[in-house]
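Colleague: Mind having a look at this structure? Questions to follow.
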Amino acid sequence: MIPCPGCGAGMRFDIAGQRLKCDYCGETAGIDEVKAGKQARRSDMDLTAFVCPQCAGTIYTTGSEATSFCFFCGASVELEGRMTRAKKPTHIIPFQKTKEECKKIYADLTRKAFFTPGELKDPAFLERFQGIYLPFWNYRFSQVGQVHLTGTREKGDYTEHMSLSCNLNGEYDGISYDASSAFDDELCRCITPYQADALEEFHPAYLSGFYADLADVDSSVYLEDAETEVNRETEKQILSSFSGTHIEWPSDKSRAYHTTFEGASAAMYPVWFLTWRKDNRVAYAVVNGETGKVAADLPIDEKRFFLGTLLLAVPLFLLLATFPVITAELLIVLASILSVVTFAVYYASSKELAARETRKNDKGYQYRLKKVQEDGGMIPPKADYAGRGQVRMGIAPGILPLIGAAAGMIIRILNPVSDFFYYGGTLLILVFAAASLLRLVSRFNELTTRPIPEFHDREGGDENGG
Ligand SMILES: [Zn+2]
Ligand SMILES: [Zn+2]
């Protein structure tokens, strides 16, 4: 806590003024004025850790003010606080977007989402947006040296072969990845980048009035991704200076571009965070606290969805029925094509759903999971996230439309005299496809929400390597 020079009450960081402010007497102070204090010389800082009794998720503050609900699982519970210490990050980007601006950005997003439940648009619900500083790794690279490439250029009716060379002399700073296993990588990716030039030297005073999460993912986890990103950016720049040329890119890019890793530093970036809980699922919304970029899980209100689909389907059907060119033969072929498309959509959705449920593509989470397995030998059953996925698609409803399409093709080849077979077959195909789609729609909601997380004994701040 930083005491107010006027009245002694705790001050908080005021986003609009970018200064510390006292809510009781209105006194303000610049961050620079508190920077010289004792805290500044220490490499660690005092924090209060709040642990959720339901999911064991942990969030930190510099003060002791309690929170009455959990960010991770959305439970409305009083969180228990305990004192702890953590290593300071080296840099921070202070919040630039105020809560009011954040709520407006989110409201603009949900206004366009017609099928989203009304609850998610309720102003009282938006009040639950909380400011959190998330830990990030900030990677630095340099590239100095000559680059030799080959390329071709079309000149009229012949191809010109060229050898290209250029000098690289540059540095990359601010290539960043989130360092908390608790926050979904995908969600984080959606709201990055942050601007490296907004980085300030870290001071705990910036955290006053906000929450923070601590790093528990090693900086080595994203090193390769960061390097790939640097090389991709370099190629983009090379391409822009040799426009119109087809360049053959080298296979060992880092060697060709002299990409050298210069180090990773710990930083905290601002995020506005909102959690919605329904039954055993949660949906998250995040807004970049610097740029205002937004990403959200938007579940679908099934009643709204069916109503909307019906309103669209009826006029479409009436329109089709009045077309004289649609014969019974054509109808069954159209229905079969529709069925195959339905199957493809179903199949792709269930794949995506499975990857999301198990967080297969979340490197930070997988790193943590592996570590727990190594340390404890066995994952406690409650922490086995992969097995906790509650969404099971079932393959049978997915295959139904394929059976329908096959039946349709057989009827078309046999070419029966009576139109009855065509109409009967078409009806069957459509019923199969509809059954599959209904199943898909009822599961779509789970695509846009997540299972409630449960945390391992997750102690942050102890692995600030790099
Ligand atoms: Zn005061
Ligand atoms: Zn919780």
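Ordered as shown in the structure tokens, chains take letters A, B, and onward, while each chain numbers its residues from 1 and ligands are numbered from 1 in the order shown.
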Could you please extract the residues within 6 Å of ligand 2, counting only C-alpha atoms and all ligand atoms, and hand them back as a PDB file with C-alpha atoms, in the first residue's frame?

Modeller:
ATOM      1  CA  CYS A  52     -10.096 -19.391  -4.721  1.00  0.00           C
ATOM      2  CA  GLN A  54     -13.327 -23.683  -5.381  1.00  0.00           C
ATOM      3  CA  CYS A  55     -10.740 -23.885  -8.182  1.00  0.00           C
ATOM      4  CA  GLY A  57      -6.783 -20.241  -8.929  1.00  0.00           C
ATOM      5  CA  CYS A  70     -12.987 -15.570  -8.787  1.00  0.00           C
ATOM      6  CA  PHE A  72     -10.788 -18.082 -13.206  1.00  0.00           C
ATOM      7  CA  CYS A  73     -13.964 -20.015 -12.411  1.00  0.00           C
ATOM      8  CA  ALA A  75     -17.535 -18.384  -8.505  1.00  0.00           C
TER       9      ALA A  75
END

Colleague: With DSSP run on the backbone, what are the strand (DSSP E or B) residues within segment 83-279 of chain A? I'd like them as a tab-separated table (two decimals) with C-alpha atoms, in the first residue's frame.

Modeller:
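File result-v7.tsv, as written:
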chain	number	residue	atom	x	y	z
A	83	MET	CA	1.07	-12.65	2.48
A	84	THR	CA	3.68	-13.67	-0.03
A	85	ARG	CA	6.72	-12.36	-1.89
A	86	ALA	CA	7.51	-12.43	-5.56
A	87	LYS	CA	10.36	-11.40	-7.79
A	91	HIS	CA	9.15	-3.63	-16.95
A	92	ILE	CA	5.46	-2.76	-17.03
A	130	GLN	CA	-11.44	-6.12	-13.43
A	131	GLY	CA	-8.01	-4.78	-14.29
A	132	ILE	CA	-5.28	-7.42	-14.15
A	133	TYR	CA	-1.58	-7.17	-14.94
A	134	LEU	CA	-0.57	-10.35	-16.72
A	135	PRO	CA	3.03	-11.59	-16.80
A	136	PHE	CA	4.68	-11.69	-20.22
A	137	TRP	CA	8.09	-12.66	-21.51
A	138	ASN	CA	9.65	-10.00	-23.65
A	139	TYR	CA	12.17	-11.40	-26.15
A	140	ARG	CA	14.98	-9.42	-27.75
A	141	PHE	CA	16.83	-10.40	-30.91
A	142	SER	CA	19.47	-8.84	-33.09
A	143	GLN	CA	20.33	-9.36	-36.76
A	144	VAL	CA	23.62	-8.00	-38.02
A	145	GLY	CA	25.29	-9.12	-41.24
A	146	GLN	CA	24.99	-9.74	-44.96
A	147	VAL	CA	22.11	-11.74	-46.38
A	148	HIS	CA	22.42	-13.55	-49.73
A	149	LEU	CA	19.32	-14.84	-51.48
A	150	THR	CA	18.31	-16.01	-54.92
A	151	GLY	CA	15.17	-15.07	-56.74
A	152	THR	CA	13.38	-14.95	-60.07
A	153	ARG	CA	11.50	-12.23	-61.87
A	154	GLU	CA	9.13	-12.58	-64.84
A	155	LYS	CA	10.19	-10.28	-67.70
A	158	TYR	CA	11.25	-15.10	-70.05
A	159	THR	CA	12.30	-15.58	-66.43
A	160	GLU	CA	15.22	-13.65	-65.06
A	161	HIS	CA	17.29	-15.36	-62.35
A	162	MET	CA	18.79	-12.99	-59.82
A	163	SER	CA	21.02	-13.12	-56.80
A	164	LEU	CA	20.06	-10.63	-54.15
A	165	SER	CA	21.99	-9.37	-51.21
A	166	CYS	CA	21.27	-6.90	-48.47
A	167	ASN	CA	22.69	-5.78	-45.15
A	168	LEU	CA	20.81	-6.40	-41.96
A	169	ASN	CA	21.58	-4.29	-38.95
A	170	GLY	CA	18.67	-4.28	-36.59
A	171	GLU	CA	17.20	-5.17	-33.26
A	172	TYR	CA	13.86	-6.61	-32.30
A	173	ASP	CA	12.40	-5.74	-28.92
A	174	GLY	CA	8.97	-6.43	-27.50
A	175	ILE	CA	8.23	-9.80	-29.10
A	176	SER	CA	6.07	-11.05	-26.26
A	177	TYR	CA	4.24	-14.15	-25.03
A	178	ASP	CA	2.18	-14.59	-21.88
A	200	GLU	CA	8.14	1.65	-18.21
A	201	GLU	CA	10.59	0.52	-15.59
A	211	TYR	CA	-4.80	-7.36	-9.61
A	212	ALA	CA	-1.79	-9.22	-10.94
A	246	HIS	CA	9.87	-14.28	-56.32
A	247	ILE	CA	12.43	-14.99	-53.59
A	248	GLU	CA	13.58	-18.48	-52.61
A	259	THR	CA	19.15	-14.00	-35.86
A	260	THR	CA	20.68	-13.89	-32.38
A	261	PHE	CA	18.73	-14.22	-29.15
A	262	GLU	CA	19.71	-11.33	-26.87
A	263	GLY	CA	17.66	-12.26	-23.82
A	264	ALA	CA	14.17	-12.34	-22.36
A	265	SER	CA	12.92	-10.01	-19.67
A	266	ALA	CA	9.86	-10.26	-17.46
A	267	ALA	CA	7.15	-7.65	-17.96
A	268	MET	CA	3.58	-7.01	-16.85
A	269	TYR	CA	0.93	-6.00	-19.36
A	270	PRO	CA	-2.53	-4.62	-18.58
A	271	VAL	CA	-5.70	-6.62	-19.36
A	272	TRP	CA	-9.34	-5.95	-18.50
A	273	PHE	CA	-10.88	-9.28	-17.62
A	274	LEU	CA	-14.48	-10.49	-17.37
A	275	THR	CA	-15.76	-13.94	-16.40
A	276	TRP	CA	-19.23	-15.35	-17.05
A	277	ARG	CA	-20.28	-18.61	-15.48
A	278	LYS	CA	-23.23	-20.77	-16.38

Colleague: Name each residue within 10 Å of ligand 1, counting only C-alpha atoms and all ligand atoms, as a PDB file with N, CA and C atoms, in the first residue's frame.

Modeller:
ATOM      1  N   PRO A   3       0.810   5.031   1.106  1.00  0.00           N
ATOM      2  CA  PRO A   3      -0.010   5.961   1.877  1.00  0.00           C
ATOM      3  C   PRO A   3      -0.065   7.344   1.227  1.00  0.00           C
ATOM      4  N   CYS A   4      -1.260   7.934   1.306  1.00  0.00           N
ATOM      5  CA  CYS A   4      -1.468   9.276   0.761  1.00  0.00           C
ATOM      6  C   CYS A   4      -0.710  10.295   1.618  1.00  0.00           C
ATOM      7  N   PRO A   5       0.055  11.205   0.995  1.00  0.00           N
ATOM      8  CA  PRO A   5       0.786  12.215   1.783  1.00  0.00           C
ATOM      9  C   PRO A   5      -0.164  13.157   2.528  1.00  0.00           C
ATOM     10  N   GLY A   6      -1.402  13.276   2.042  1.00  0.00           N
ATOM     11  CA  GLY A   6      -2.353  14.191   2.674  1.00  0.00           C
ATOM     12  C   GLY A   6      -3.051  13.577   3.881  1.00  0.00           C
ATOM     13  N   CYS A   7      -3.586  12.327   3.746  1.00  0.00           N
ATOM     14  CA  CYS A   7      -4.431  11.774   4.804  1.00  0.00           C
ATOM     15  C   CYS A   7      -4.013  10.380   5.249  1.00  0.00           C
ATOM     16  N   GLY A   8      -3.061   9.758   4.576  1.00  0.00           N
ATOM     17  CA  GLY A   8      -2.576   8.459   5.025  1.00  0.00           C
ATOM     18  C   GLY A   8      -3.335   7.258   4.485  1.00  0.00           C
ATOM     19  N   ALA A   9      -4.452   7.508   3.769  1.00  0.00           N
ATOM     20  CA  ALA A   9      -5.206   6.393   3.181  1.00  0.00           C
ATOM     21  C   ALA A   9      -4.417   5.798   2.010  1.00  0.00           C
ATOM     22  N   GLY A  10      -4.823   4.619   1.580  1.00  0.00           N
ATOM     23  CA  GLY A  10      -4.117   3.972   0.478  1.00  0.00           C
ATOM     24  C   GLY A  10      -4.414   4.660  -0.840  1.00  0.00           C
ATOM     25  N   MET A  11      -3.380   4.865  -1.670  1.00  0.00           N
ATOM     26  CA  MET A  11      -3.596   5.490  -2.971  1.00  0.00           C
ATOM     27  C   MET A  11      -3.689   4.404  -4.040  1.00  0.00           C
ATOM     28  N   LYS A  21      -3.565   8.329  -6.999  1.00  0.00           N
ATOM     29  CA  LYS A  21      -4.610   9.243  -6.546  1.00  0.00           C
ATOM     30  C   LYS A  21      -5.228   8.715  -5.255  1.00  0.00           C
ATOM     31  N   CYS A  22      -5.574   9.625  -4.366  1.00  0.00           N
ATOM     32  CA  CYS A  22      -6.254   9.245  -3.128  1.00  0.00           C
ATOM     33  C   CYS A  22      -7.754   9.467  -3.307  1.00  0.00           C
ATOM     34  N   ASP A  23      -8.553   8.406  -3.077  1.00  0.00           N
ATOM     35  CA  ASP A  23      -9.994   8.532  -3.267  1.00  0.00           C
ATOM     36  C   ASP A  23     -10.664   9.319  -2.144  1.00  0.00           C
ATOM     37  N   TYR A  24      -9.955   9.490  -1.012  1.00  0.00           N
ATOM     38  CA  TYR A  24     -10.577  10.159   0.135  1.00  0.00           C
ATOM     39  C   TYR A  24     -10.397  11.664   0.084  1.00  0.00           C
ATOM     40  N   CYS A  25      -9.166  12.130  -0.180  1.00  0.00           N
ATOM     41  CA  CYS A  25      -8.945  13.575  -0.132  1.00  0.00           C
ATOM     42  C   CYS A  25      -8.576  14.163  -1.504  1.00  0.00           C
ATOM     43  N   GLY A  26      -8.401  13.288  -2.499  1.00  0.00           N
ATOM     44  CA  GLY A  26      -8.162  13.800  -3.840  1.00  0.00           C
ATOM     45  C   GLY A  26      -6.717  14.131  -4.152  1.00  0.00           C
ATOM     46  N   GLU A  27      -5.833  13.940  -3.182  1.00  0.00           N
ATOM     47  CA  GLU A  27      -4.402  14.202  -3.379  1.00  0.00           C
ATOM     48  C   GLU A  27      -3.838  13.280  -4.463  1.00  0.00           C
ATOM     49  N   THR A  28      -2.909  13.785  -5.275  1.00  0.00           N
ATOM     50  CA  THR A  28      -2.276  12.926  -6.277  1.00  0.00           C
ATOM     51  C   THR A  28      -0.760  12.941  -6.111  1.00  0.00           C
TER      52      THR A  28
END

Colleague: Compare A:Tyr222, A:Gln96, A:Val287, A:Leu126 by their minimum atom-to-atom distance to Ala198 of chain A, counting only C-alpha atoms, and give me the closest one.

Modeller: A:Gln96

Colleague: Can you list, as a ChimeraX atom specification, every protein, DNA or RNA residue that comes within 12 Å of Pro416 of chain A when you count only C-alpha atoms, leaving out same-chain residues fewer than 6 positions away?

Modeller: /A:328-329,408,410,422-425

Colleague: Can you write just those residues out, C-alpha atoms, as an mmCIF file, in the first residue's frame?

Modeller:
data_model
loop_
_atom_site.group_PDB
_atom_site.id
_atom_site.type_symbol
_atom_site.label_atom_id
_atom_site.label_comp_id
_atom_site.auth_asym_id
_atom_site.auth_seq_id
_atom_site.Cartn_x
_atom_site.Cartn_y
_atom_site.Cartn_z
ATOM 1 C CA ALA A 328 -37.148 -34.124 -58.375
ATOM 2 C CA GLU A 329 -33.813 -35.396 -59.773
ATOM 3 C CA GLY A 408 -29.454 -40.126 -52.477
ATOM 4 C CA ILE A 410 -28.009 -44.683 -55.157
ATOM 5 C CA TYR A 422 -37.042 -39.033 -55.250
ATOM 6 C CA TYR A 423 -39.232 -37.054 -52.887
ATOM 7 C CA GLY A 424 -39.118 -39.743 -50.196
ATOM 8 C CA GLY A 425 -35.312 -39.955 -50.520
#

Colleague: Can you pull out every residue from segment 33-225 of chain A that DSSP, working from the backbone, puts in helix (DSSP H, G or I), and format the result as an MDAnalysis selection string?

Modeller: chainID A and resid 33:35 38:41 99:112 118:121 123:126 185:191 196:198 204:207 219:225

Colleague: Can you pull out the residues contacting Cys190 of chain A? Cut-off 12 Å, using only C-alpha atoms, and skip same-chain residues under 5 positions away; I want them as number ranges by chain.

Modeller: A: 177-178, 184-185, 271, 285-288, 292-297

Colleague: Can you write just those residues out, C-alpha atoms, as a compact mmCIF listing (two decimals), in the first residue's frame?

Modeller:
# COMPACT_ATOMS: atom_id res chain seq x y z
CA TYR A 177 4.24 -14.15 -25.03
CA ASP A 178 2.18 -14.59 -21.88
CA ASP A 184 -5.34 -19.24 -22.34
CA ASP A 185 -2.65 -18.67 -25.00
CA VAL A 271 -5.70 -6.62 -19.36
CA ALA A 285 -13.80 -11.60 -22.25
CA VAL A 286 -10.48 -9.75 -22.39
CA VAL A 287 -9.61 -6.21 -23.47
CA ASN A 288 -6.01 -5.09 -24.02
CA GLY A 292 -8.25 -1.61 -26.46
CA LYS A 293 -8.10 -4.71 -28.68
CA VAL A 294 -10.87 -7.07 -27.58
CA ALA A 295 -11.48 -10.85 -27.63
CA ALA A 296 -14.40 -12.71 -26.08
CA ASP A 297 -16.05 -16.10 -25.86

Colleague: Any idea what's packed within 10 Å of Leu120 of chain A, counting only C-alpha atoms, ignoring anything in its chain fewer than 4 positions away? Could you give it as an NGL selection string?

Modeller: :A and (106-107 or 110 or 116 or 124-126 or 275-276 or 283 or 298-299)

Colleague: Once you have the residues from the selection above, write them out as an mmCIF file, in the first residue's frame, restricted to C-alpha atoms.

Modeller:
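File selection-v1.cif, as written:
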data_model
loop_
_atom_site.group_PDB
_atom_site.id
_atom_site.type_symbol
_atom_site.label_atom_id
_atom_site.label_comp_id
_atom_site.auth_asym_id
_atom_site.auth_seq_id
_atom_site.Cartn_x
_atom_site.Cartn_y
_atom_site.Cartn_z
ATOM 1 C CA TYR A 106 -16.976 -4.728 -25.152
ATOM 2 C CA ALA A 107 -20.530 -3.393 -25.516
ATOM 3 C CA THR A 110 -21.692 -7.739 -28.188
ATOM 4 C CA THR A 116 -25.547 -13.779 -27.563
ATOM 5 C CA ALA A 124 -24.512 -4.555 -14.177
ATOM 6 C CA PHE A 125 -22.568 -7.554 -15.486
ATOM 7 C CA LEU A 126 -20.053 -5.315 -17.300
ATOM 8 C CA THR A 275 -15.758 -13.942 -16.399
ATOM 9 C CA TRP A 276 -19.230 -15.350 -17.051
ATOM 10 C CA ALA A 283 -16.804 -17.724 -20.832
ATOM 11 C CA LEU A 298 -19.557 -15.389 -27.115
ATOM 12 C CA PRO A 299 -21.945 -18.226 -26.302
#

Colleague: Can you measure atom CA of Ser219 of chain A to atom CA of Ile31 of chain A for me? One decimal in Å is fine.

Modeller: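 Straight-line distance from atom CA of Ser219 of chain A to atom CA of Ile31 of chain A works out to 28.6 Å.
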
Colleague: Would you work out the distance separating atom CA of Ala113 of chain A from atom CA of Gly308 of chain A, expressed in Å to one decimal?

Modeller: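 So the answer is 12.2 Å.
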